[in-house]
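Participant: Provided herewith is a single structure, encoded as structure tokens, for subsequent inquiry.
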Amino acid sequence: MADGTQVKPVLDAATIRALFDPETGDLDRRIYADEELYQLELERIYARGWNFMAHESQIPNPGDYFINYIGEDQVIVVRDDEGKVNVLLNTCRHRGNALCRAEQGNARSFVCSYHGWNYALDGRLIGVPGQKTYFHDKLDRSQWGLAHAAQVDSCHGFIFATLDAEAPPLEEFLGDVGRTGLAMVVANGEVEVLDGIQKNVISCNWKIAVDNLFDWYHVMYSHASANSSGFVNLGAIKFSEQFVMLGEYGHAISGPGVSAENQARLDQLDDEQRRALQATMPAGPRIRPKAANDIMGPVGVRSQGHPNIFPNLWITLGGMQLCLRLPRGPEATELWWFTVVPKNAPPEVRHMAVRQAVHLFGPAGLLEQDDGENWSQSTRASHGIASRKLGHTLQMGLGQDEANIGAGGQQYIETQVNEHGQRWLYRSWVEWLTARNWAELKANHSAAPEGTI
Ligand code: FES
Ligand SMILES: [Fe+2]
């Protein structure tokens with residue numbers, strides 16, 4: 001580790017690699033506070049990767065839009081008159097003003113509030129006040145349309161975008177683990193995302209919020225008060241039956257899993273029998289219909305854990321809530337909570353989903369209040385002259401488990417509570433930050449591990 005009293009580390013590849021050692025789990029805590037690293041993350045992770053933009057159900061009609069971010073770049077995700085989804089930088093080409101101020105809605109075009117330039121839903125500049133008089137018809141409107149994301153695509157109804165034209169297709173970026181994670185949301189049937197995204201800022205680094213979703217070690221301790229209140233039943237969680245899947249480019253799934261024997265029994269049941277079984281254990285794991293095996297795979301379907309689509313999309317509660325962890329500087333993260341319900345769900349199901357969403361996570365959520373405090377304090381202790389010299393340790397389960405390749409070529413680890421997901425996140429983070437472009441990242445990223453891990 002470099003001397004913590006240095007003003008700034010030099011961010012060459014060797015310096016970045018020294019920040020995390022996957023062979024020991026030693027992590028340099030300055031990764032949670034350093035501005036230079038943060039800027040590199042915006043460039044080499046957020047601008048380069050595929051970012052979750054919206055679910056198709058949020059923008060079903062022409063003119064429907066949803067405002068989101070790629071790193072700190074604000075974008076308008078909008079369906080145009082042809083039904084195509086465009087991801088446009090929300091910044092006017094004249095003097096940079098934000099065009100769209102509402103968080104979501106429907107528009108016929110986007111008119112800038114500064115001087116009135118008007119943009120079509122596909123980003124074309126279609127109106128300029130004073131075009132004839134003040135610009136003498138010299139302004140070439142075709143050159144001043146809104147900037148588009150380089151690529152937009154969707155998987156299982158989830159729309160993603162990247163600013164990098166060299167990024168591999170979404171399907172390849174997601175790989176088996178990313179696709180399995182998204183499939184978890186639709187494994188019980190088609191879904192829609194409810195209006196009303198819960199948003200709040202926590203003073204923590206985005207990575208500690210992300211790595212916490214793999215952390216089943218903290219649950220009994222941090223959330224003991226939520227358990228005693230009776231709102232959650234932590235006793236139902238199987239901490240000794242954990243199931244981990246590690247995928248290319250940093251995607252991972254970690255948490256409880258169904259044993260091979262129990263899955264084999266489940267596989268014998270038809271959907272009617274599965275529903276009957278679920279009725280006997282309403283607080284148990286979500287039992288999926290037979291068709292879930294097709295989209296999650298014969299191994300993936302055993303997971304009841306938490307997927308993270310690298311870098312920052314968490315899928316929780318068996319796919320009933322999503323959380324984006326948006327970076328807002330090294331020491332602030334904006335959390336966006338999306339509530340998912342079955343398509344055409346009746347009002348009482350929607351009501352229950354919203355109640356659960358508000359009480360579990362988000363600013364009023366019992367669980368997030370516990371978590372947020374811990375993340376803030378861990379982040380805060382990352383820049384003191386003395387404390388930043390101390391490392392973190394992520395050694396739980398290291399060298400103790402086997403990464404297997406199961407049916408359909410899906411990789412998995414069966415174990416107890418562990419820190420494999422966290423180590424995988426930081427190993428991948430190093431790979432993203434040290435690669436100067438997609439060609440280097442493709443050539444040098446880790447494949448899903450096999451054997452002792
Ligand atoms: S900044 Fe948008 S029209 Fe001038
Ligand atoms: Fe938690």
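A note on labels: chains of the structure tokens are A, B, ... as shown, every chain counts residues from 1, and ligands are counted from 1 in their shown order.
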List as a ChimeraX atom specification the protein and nucleic acid residues near stretch 68-74 of chain A, meaning an atom at most 8 Å away when only C-alpha atoms are counted, but skip any in the same chain fewer than 2 places from it.
Facilitator: /A:42,46-47,51,53-54,66,76-77,89-91,162,326-328
Participant: Could you write those residues out with N, CA and C atoms, as an mmCIF file, in the first residue's frame?
Facilitator:
data_model
loop_
_atom_site.group_PDB
_atom_site.id
_atom_site.type_symbol
_atom_site.label_atom_id
_atom_site.label_comp_id
_atom_site.auth_asym_id
_atom_site.auth_seq_id
_atom_site.Cartn_x
_atom_site.Cartn_y
_atom_site.Cartn_z
ATOM 1 N N LEU A 42 -16.115 7.036 -13.620
ATOM 2 C CA LEU A 42 -17.133 7.604 -14.514
ATOM 3 C C LEU A 42 -16.775 7.316 -15.966
ATOM 4 N N TYR A 46 -18.736 3.677 -16.059
ATOM 5 C CA TYR A 46 -20.095 4.121 -16.404
ATOM 6 C C TYR A 46 -20.234 4.489 -17.879
ATOM 7 N N ALA A 47 -19.319 5.283 -18.411
ATOM 8 C CA ALA A 47 -19.462 5.691 -19.810
ATOM 9 C C ALA A 47 -19.194 4.522 -20.756
ATOM 10 N N ASN A 51 -25.659 0.590 -19.079
ATOM 11 C CA ASN A 51 -26.339 1.077 -17.874
ATOM 12 C C ASN A 51 -27.845 0.857 -17.990
ATOM 13 N N MET A 53 -31.524 1.732 -17.954
ATOM 14 C CA MET A 53 -32.194 3.000 -18.226
ATOM 15 C C MET A 53 -33.634 3.029 -17.740
ATOM 16 N N ALA A 54 -34.397 1.991 -18.072
ATOM 17 C CA ALA A 54 -35.820 1.956 -17.696
ATOM 18 C C ALA A 54 -36.353 0.590 -18.065
ATOM 19 N N PHE A 66 -38.497 8.872 -19.545
ATOM 20 C CA PHE A 66 -38.041 8.668 -18.165
ATOM 21 C C PHE A 66 -36.626 9.232 -18.100
ATOM 22 N N ILE A 76 -32.324 11.440 -21.311
ATOM 23 C CA ILE A 76 -33.770 11.266 -21.500
ATOM 24 C C ILE A 76 -33.947 9.937 -22.222
ATOM 25 N N VAL A 77 -34.695 9.037 -21.612
ATOM 26 C CA VAL A 77 -35.001 7.754 -22.255
ATOM 27 C C VAL A 77 -36.411 7.919 -22.803
ATOM 28 N N LEU A 89 -28.731 12.645 -24.443
ATOM 29 C CA LEU A 89 -28.167 13.454 -23.347
ATOM 30 C C LEU A 89 -29.084 14.650 -23.113
ATOM 31 N N ASN A 90 -29.441 14.860 -21.850
ATOM 32 C CA ASN A 90 -30.400 15.914 -21.515
ATOM 33 C C ASN A 90 -29.683 17.251 -21.368
ATOM 34 N N THR A 91 -29.095 17.685 -22.458
ATOM 35 C CA THR A 91 -28.370 18.962 -22.413
ATOM 36 C C THR A 91 -28.481 19.639 -23.777
ATOM 37 N N THR A 162 -25.314 2.346 -23.588
ATOM 38 C CA THR A 162 -23.889 2.615 -23.348
ATOM 39 C C THR A 162 -23.463 3.811 -24.192
ATOM 40 N N LEU A 326 -26.659 5.226 -7.975
ATOM 41 C CA LEU A 326 -26.068 6.204 -8.891
ATOM 42 C C LEU A 326 -24.968 6.999 -8.199
ATOM 43 N N PRO A 327 -23.784 7.046 -8.805
ATOM 44 C CA PRO A 327 -22.680 7.764 -8.169
ATOM 45 C C PRO A 327 -22.913 9.275 -8.181
ATOM 46 N N ARG A 328 -22.646 9.907 -7.031
ATOM 47 C CA ARG A 328 -22.786 11.367 -6.925
ATOM 48 C C ARG A 328 -21.551 11.932 -6.247
#
Participant: List as a ChimeraX atom specification the protein and nucleic acid residues lying within 10 Å of ligand 2, with only C-alpha atoms and all ligand atoms counted.
Facilitator: /A:209,212-223,360-361,366-372,374-375
Participant: Identify which of the residues A:Gly408, A:Gly235, A:Gly318, A:Gly451 lies closest to A:Ala183, counting only C-alpha atoms when measuring atom-to-atom distances.
Facilitator: A:Gly318
Participant: Find the residue from A:His383, A:Arg93, A:His251, A:Arg436 that sits nearest to A:Leu182; use only C-alpha atoms when measuring.
Facilitator: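 That would be A:His251, the residue with the smallest distance to A:Leu182.
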Participant: Quick one: contact table of chain A to ligand 1, 10 Å max, nearest atom pair and distance in Å to one decimal per residue, counting only C-alpha atoms and all ligand atoms, chain and number order, as a Markdown table?
Facilitator:
| residue | atom | partner | partner_atom_place_in_ligand_line | distance |
| --- | --- | --- | --- | --- |
| A:Thr91 | CA | ligand 1 | 2 (Fe) | 7.8 |
| A:Cys92 | CA | ligand 1 | 2 (Fe) | 4.6 |
| A:Arg93 | CA | ligand 1 | 2 (Fe) | 6.5 |
| A:His94 | CA | ligand 1 | 1 (S) | 4.6 |
| A:Arg95 | CA | ligand 1 | 1 (S) | 3.8 |
| A:Gly96 | CA | ligand 1 | 1 (S) | 5.2 |
| A:Asn97 | CA | ligand 1 | 1 (S) | 4.7 |
| A:Ala98 | CA | ligand 1 | 2 (Fe) | 7.6 |
| A:Leu99 | CA | ligand 1 | 2 (Fe) | 7.1 |
| A:Val111 | CA | ligand 1 | 3 (S) | 7.9 |
| A:Cys112 | CA | ligand 1 | 2 (Fe) | 4.6 |
| A:Ser113 | CA | ligand 1 | 2 (Fe) | 6.5 |
| A:Tyr114 | CA | ligand 1 | 4 (Fe) | 4.8 |
| A:His115 | CA | ligand 1 | 3 (S) | 3.7 |
| A:Gly116 | CA | ligand 1 | 3 (S) | 4.7 |
| A:Trp117 | CA | ligand 1 | 3 (S) | 4.3 |
| A:Asn118 | CA | ligand 1 | 3 (S) | 7.8 |
| A:Tyr119 | CA | ligand 1 | 2 (Fe) | 10.0 |
| A:Gly127 | CA | ligand 1 | 3 (S) | 9.8 |
| A:Val128 | CA | ligand 1 | 3 (S) | 7.7 |
| A:Pro129 | CA | ligand 1 | 3 (S) | 8.5 |
Participant: Could you check the closest approach to A:Val78 for each of A:Ala149, A:Ile126, A:Ile31, A:Val191 and tell me which residue wins, using only C-alpha atoms?
Facilitator: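 Nearest to A:Val78: A:Ala149.
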Participant: So that I can check the surroundings of A:Arg274, please list as an mmCIF file with N, CA and C atoms, in the first residue's frame every protein, DNA and RNA residue that reaches within 8 Å of it, counting only C-alpha atoms and ignoring chain neighbours fewer than 4 positions away.
Facilitator:
data_model
loop_
_atom_site.group_PDB
_atom_site.id
_atom_site.type_symbol
_atom_site.label_atom_id
_atom_site.label_comp_id
_atom_site.auth_asym_id
_atom_site.auth_seq_id
_atom_site.Cartn_x
_atom_site.Cartn_y
_atom_site.Cartn_z
ATOM 1 N N LEU A 266 -38.737 -30.220 -6.971
ATOM 2 C CA LEU A 266 -39.578 -29.156 -7.558
ATOM 3 C C LEU A 266 -39.796 -29.383 -9.048
ATOM 4 N N LEU A 269 -42.823 -31.165 -10.235
ATOM 5 C CA LEU A 269 -44.164 -30.601 -10.024
ATOM 6 C C LEU A 269 -44.621 -29.768 -11.216
ATOM 7 N N ASP A 270 -45.927 -29.843 -11.522
ATOM 8 C CA ASP A 270 -46.459 -28.919 -12.529
ATOM 9 C C ASP A 270 -46.790 -27.589 -11.831
ATOM 10 N N GLN A 278 -46.518 -23.290 -2.696
ATOM 11 C CA GLN A 278 -46.229 -21.921 -2.249
ATOM 12 C C GLN A 278 -47.252 -21.475 -1.209
ATOM 13 N N ILE A 287 -41.550 -19.682 -5.268
ATOM 14 C CA ILE A 287 -41.471 -20.880 -6.098
ATOM 15 C C ILE A 287 -41.823 -20.483 -7.526
ATOM 16 N N ARG A 288 -40.943 -20.838 -8.427
ATOM 17 C CA ARG A 288 -41.113 -20.365 -9.807
ATOM 18 C C ARG A 288 -41.831 -21.405 -10.655
ATOM 19 N N PRO A 289 -42.541 -20.946 -11.677
ATOM 20 C CA PRO A 289 -43.199 -21.900 -12.575
ATOM 21 C C PRO A 289 -42.162 -22.659 -13.400
#
Participant: Apply DSSP to the structure's backbone, then extract all residues of stretch 17-197 of chain A labelled strand (DSSP E) and return them as number ranges by chain.
Facilitator: A: 20-21, 26-28, 51-55, 64-70, 73-79, 85-89, 104-106, 110-111, 118-119, 125-127, 151-155, 158-162, 191-193
Participant: Under the rule that only C-alpha atoms are counted, which of A:Glu190, A:Asp34, A:Asp164, A:Asp176 is the nearest residue to A:Gly300?
Facilitator: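 That would be A:Asp176, the residue with the smallest distance to A:Gly300.
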Participant: Please, what distance in Å, to one decimal, runs between atom CA of A:His420 and atom CA of A:Leu40?
Facilitator: 24.7 Å
Participant: Residues at most 9 Å from A:Pro298, counting only C-alpha atoms, excluding those fewer than 3 positions away in the same chain, as number ranges by chain?
Facilitator: A: 292-295, 301-302, 406-408, 410
Participant: Mind dumping the selected residues with N, CA and C atoms as a PDB file, in the first residue's frame?
Facilitator:
ATOM      1  N   ALA A 292     -39.675 -21.047 -15.830  1.00  0.00           N
ATOM      2  CA  ALA A 292     -38.538 -20.263 -15.337  1.00  0.00           C
ATOM      3  C   ALA A 292     -37.218 -20.950 -15.676  1.00  0.00           C
ATOM      4  N   ASN A 293     -37.236 -22.290 -15.721  1.00  0.00           N
ATOM      5  CA  ASN A 293     -35.992 -23.012 -16.045  1.00  0.00           C
ATOM      6  C   ASN A 293     -35.445 -22.602 -17.416  1.00  0.00           C
ATOM      7  N   ASP A 294     -36.355 -22.275 -18.337  1.00  0.00           N
ATOM      8  CA  ASP A 294     -35.913 -21.929 -19.694  1.00  0.00           C
ATOM      9  C   ASP A 294     -35.131 -20.624 -19.703  1.00  0.00           C
ATOM     10  N   ILE A 295     -35.565 -19.646 -18.890  1.00  0.00           N
ATOM     11  CA  ILE A 295     -34.883 -18.347 -18.963  1.00  0.00           C
ATOM     12  C   ILE A 295     -33.798 -18.166 -17.904  1.00  0.00           C
ATOM     13  N   VAL A 301     -31.907 -21.234 -11.866  1.00  0.00           N
ATOM     14  CA  VAL A 301     -33.244 -21.249 -11.285  1.00  0.00           C
ATOM     15  C   VAL A 301     -33.202 -21.603  -9.805  1.00  0.00           C
ATOM     16  N   ARG A 302     -32.087 -22.156  -9.353  1.00  0.00           N
ATOM     17  CA  ARG A 302     -31.954 -22.509  -7.930  1.00  0.00           C
ATOM     18  C   ARG A 302     -31.637 -21.296  -7.052  1.00  0.00           C
ATOM     19  N   GLY A 406     -22.255 -26.492 -13.880  1.00  0.00           N
ATOM     20  CA  GLY A 406     -23.390 -27.404 -13.849  1.00  0.00           C
ATOM     21  C   GLY A 406     -24.053 -27.537 -15.204  1.00  0.00           C
ATOM     22  N   ALA A 407     -25.273 -28.047 -15.190  1.00  0.00           N
ATOM     23  CA  ALA A 407     -26.033 -28.243 -16.424  1.00  0.00           C
ATOM     24  C   ALA A 407     -26.139 -26.928 -17.181  1.00  0.00           C
ATOM     25  N   GLY A 408     -26.093 -27.012 -18.494  1.00  0.00           N
ATOM     26  CA  GLY A 408     -26.196 -25.813 -19.317  1.00  0.00           C
ATOM     27  C   GLY A 408     -24.950 -24.951 -19.252  1.00  0.00           C
ATOM     28  N   GLN A 410     -23.700 -23.587 -16.677  1.00  0.00           N
ATOM     29  CA  GLN A 410     -23.812 -22.487 -15.709  1.00  0.00           C
ATOM     30  C   GLN A 410     -22.908 -22.738 -14.505  1.00  0.00           C
TER      31      GLN A 410
END
Participant: A:Ile45: which residues within 8 Å, counting only C-alpha atoms, same-chain residues fewer than 6 positions away excluded, as a list in words?
Facilitator: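 With the cut-off at 8 Å, the set is Pro311, Trp432 and Leu433 of chain A.
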Participant: In Å to one decimal, how far is atom CA of A:Phe158 from atom CA of A:Val340?
Facilitator: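 Calculated distance between atom CA of A:Val340 and atom CA of A:Phe158 is 12.0 Å.
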